[in-house]
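For reference, the structure discussed in these notes is given below.
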Amino acid sequence: MLELVILAIYVTCLAGMIPIARGVARNPNPRPLRDKKVAEAKEDNRPVWERENGKREMDKWLKGFLAKLKRTSTRTKKCRLISSVERMKFENDANAISWQYVRFGEDEGEIFYNNKISIGKIKLTDYQKVLLKSDNSLKDRFLSRSEIKQETGKWIFQDNLEKRKISEGGEALVILTKFGDLEAVVLAGTPGFSCQRQFGADSGRYIHNLFYFLFCDWKTSWTLLYKPIDNNERTKIDKIVENCNASSIHEIKKNDYSIFSEITSIIKIPASSSIFCLDDPNLTKSVNVSSLKQNATKFLNQDLQNVTKNVFDQKSSNLCVPISVATLLRFAIKNDLHLEDILGEYSAENILANLTLIIYPRSMAGLNLNPNENEKEFQTNEIELLLERVCKKTYLMESGWQILRELSFRKYRPKRSTCKFENVLLNENFHFTRPLTVTGAFLLPDLVTVFFHQMVLDRIDNPTDCFNAGYVIHNTSFDEGGPVLKVPKTRAYYVNEFMMQNNQTGPTEYKYYGQNGEFMWLVNERFQNMQPNTWYLLPQAYSLTLVPEPGYDSDSSDSDSSDLSDWSEP
């Protein structure tokens with residue numbers, strides 16, 4: 001039922017807005033008509049679809065459309081009850097971030113901090129009362145946010161509706177449809193680019209991201225919002241945007257919507273452009289929000305010295321890449337910027353949520369951690385995409401690190417700083433200085449399939465003993481070795497076939513000698529020199545550093561224009 005309510009809302013919004021842009025698009029000189037359009041809007045401020053088709057016709061269309069769209073659900077009553085709290089309006093917005101437990105009574109409930117200290121009372125909705133009436137066991141007990149289980153239900157299409165599907169991911173569905181003479185994009189489910197107020201003190205402002213999907217085609221919207229770019233790419237995009245008379249798109253984040261009366265055509269990056277890759281199947285698939293909570297199980301107090309001792313079990317969530325980056329960011333915030341995280345806003349869990357829901361909301365399924373067979377040297381893998389997004393701006397958003405830095409109220413934030421990442425080559429003579437994100441290769445018992453996984457190098461034990469030195473690794477795939485792995489530094493390193501062939505030193509011997517004293521033995525499953533159920537590291541690894549900006553010893557002097565409000569007080 002929730003999905004249908006949201007569906008109806010977005011039908012109204014998008015159907016009402018898109019035709020406005022199209023109507024103006026035919027006008028070669030739209031600015032002089034702005035006052036006239038405002039006057040016309042005052043005379044009849046009904047949505048476009050209602051003015052052109054009539055409310056009765058729209059209601060008829062909507063009724064028929066909803067009848068063709070159904071969804072199965074695996075959510076329990078308990079999951080629905082807890083989820084309903086997340087959708088409530090809180091008197092104090094900060095409570096949307098802080099609450100971790102809820103307890104329901106007859107007519108009211110109570111929310112609590114993580115330590116089960118009361119935050120305050122909440123008035124029960126009719127929906128919550130119905131759920132509680134159907135299951136009395138949910139009353140008068142602590143229910144945790146982490147008890148919300150992943151939704152694995154499916155959309156059921158009728159009357160060839162599936163052919164009009166643009167994208168499907170998580171619990172969201174995007175389709176193209178018509179009512180009357182109007183064509184509109186319809187969103188069903190909870191959109192990943194909606195208000196994310198519960199994930200940080202000022203993250204609610206990203207709700208304006210929805211508008212970009214009105215003025216850009218689908219893939220262009222994702223590219224402009226989430227792909228890190230350099231100055232050369234920015235210049236190319238500027239020209240495309242200018243040709244659409246849409247330069248004011250940058251003003252949307254300042255609540256200036258003049259683009260509605262100025263844009264002359266939908267913004268679209270040509271398919272031949274190198275700015276984004278059209279064959280990426282996960283380009284526009286967002287992460288399933290509920291899986292974050294289901295997969296947030298942890299093994300506590302592990303044998304780790306530099307990174308957090310509480311290790312996530314990612315299960316089957318494909319979250320190893322953002323978990324590893326979140327772990328490095330947590331270390332850098334603490335050690336490079338010396339932040340004492342009083343409010344707990346910069347926990348690994350909160351960083352992970354923001355990475356996957358706001359900064360880079362794309363599916364991590366199928367990320368290529370396998371070495372590219374066409375590479376002639378130790379190649380980079382796709383974790384670099386996320387590292388670039390953290391350290392660089394996109395066309396429409398600030399850098400991921402800047403977004404994370406503003407999670408807390410101003411006086412509790414990390415110092416103003418820039419984010420940098422660096423390529424590092426693991427080998428038998430490698431000298432450890434700080435935690436790294438590393439890629440592991442694990443040969444399954446069939447002796448054919450290699451499982452790749454992103455992890456974090458915590459330290460090297462016995463670093464001066466060349467025979468007994470060993471990597472100590474933070475591992476989120478518990479089924480393959482547990483939360484902490486220990487890999488001998490002298491164990492062979494996994495590379496592609498090209499590297500194997502060009503570094504063969506004997507009939508069955510493969511060694512690499514680098515120009516700067518690097519040395520390692522090499523393995524690859526096709527050369528039959530890997531042992532099953534054994535972890536091998538890829539040589540390519542990455543470090544991440546936060547460098548304080550000169551003149552900013554604390555955030556109290558931060559006059560950053562991206563701060564839309566003074567968050568010096570909760």
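Ordering of the structure tokens sets the chain letters (A, B, ...); residue numbers start at 1 within each chain; ligands are numbered from 1 in the order shown.
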
For this session: Once DSSP has gone over the backbone, tell me which residues of segment 503-561 of chain A are in strand (DSSP E or B), as a VMD selection string.
Result: chain A and resid 504 to 506 509 to 513 519 to 523 535 to 548

Might you pull out every residue within 7 Å of Val456 of chain A, with only C-alpha atoms counted and same-chain residues fewer than 6 positions away left off, and present them as an mmCIF file with N, CA, C and O atoms, in the first residue's frame?
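File part_16.cif, as written:
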data_model
loop_
_atom_site.group_PDB
_atom_site.id
_atom_site.type_symbol
_atom_site.label_atom_id
_atom_site.label_comp_id
_atom_site.auth_asym_id
_atom_site.auth_seq_id
_atom_site.Cartn_x
_atom_site.Cartn_y
_atom_site.Cartn_z
ATOM 1 N N SER A 324 35.034 -1.115 2.908
ATOM 2 C CA SER A 324 36.480 -0.896 3.012
ATOM 3 C C SER A 324 36.811 0.593 2.961
ATOM 4 O O SER A 324 37.682 1.071 3.702
ATOM 5 N N PRO A 435 46.717 1.934 7.137
ATOM 6 C CA PRO A 435 45.802 0.930 6.563
ATOM 7 C C PRO A 435 45.537 1.182 5.078
ATOM 8 O O PRO A 435 45.516 2.331 4.614
ATOM 9 N N LEU A 436 45.299 0.094 4.356
ATOM 10 C CA LEU A 436 45.049 0.144 2.922
ATOM 11 C C LEU A 436 43.805 -0.668 2.594
ATOM 12 O O LEU A 436 43.459 -1.608 3.310
ATOM 13 N N THR A 437 43.159 -0.329 1.498
ATOM 14 C CA THR A 437 42.131 -1.213 0.968
ATOM 15 C C THR A 437 42.799 -2.135 -0.044
ATOM 16 O O THR A 437 43.501 -1.687 -0.956
ATOM 17 N N VAL A 438 42.610 -3.438 0.139
ATOM 18 C CA VAL A 438 43.289 -4.442 -0.681
ATOM 19 C C VAL A 438 42.245 -5.390 -1.274
ATOM 20 O O VAL A 438 41.145 -5.536 -0.741
ATOM 21 N N ILE A 473 44.436 -8.731 8.151
ATOM 22 C CA ILE A 473 43.444 -8.135 7.261
ATOM 23 C C ILE A 473 42.044 -8.164 7.869
ATOM 24 O O ILE A 473 41.604 -9.180 8.406
ATOM 25 N N HIS A 474 41.366 -7.039 7.763
ATOM 26 C CA HIS A 474 39.970 -6.840 8.177
ATOM 27 C C HIS A 474 39.092 -7.402 7.058
ATOM 28 O O HIS A 474 39.063 -6.875 5.945
ATOM 29 N N ASN A 475 38.374 -8.498 7.328
ATOM 30 C CA ASN A 475 37.627 -9.226 6.302
ATOM 31 C C ASN A 475 36.130 -9.205 6.612
ATOM 32 O O ASN A 475 35.720 -9.546 7.717
#

Problem set entry | Nearest-residue call for Asn335 of chain A, choices A:Ile237, A:Ala541, A:Ile351, A:Leu546, using only C-alpha atoms |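 Smallest distance to Asn335 of chain A is found for A:Leu546.
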
Exercise. Given the choices A:Leu443, A:Ile166, A:Ile359, A:Leu131, which gets closest to Thr394 of chain A if the distance is worked out from only C-alpha atoms?
Worked result: A:Ile359

Exercise. So, counting only C-alpha atoms, which residue among A:Lys415, A:Arg141, A:Lys70, A:Arg80 is closest to Lys116 of chain A?
Worked result: A:Arg141
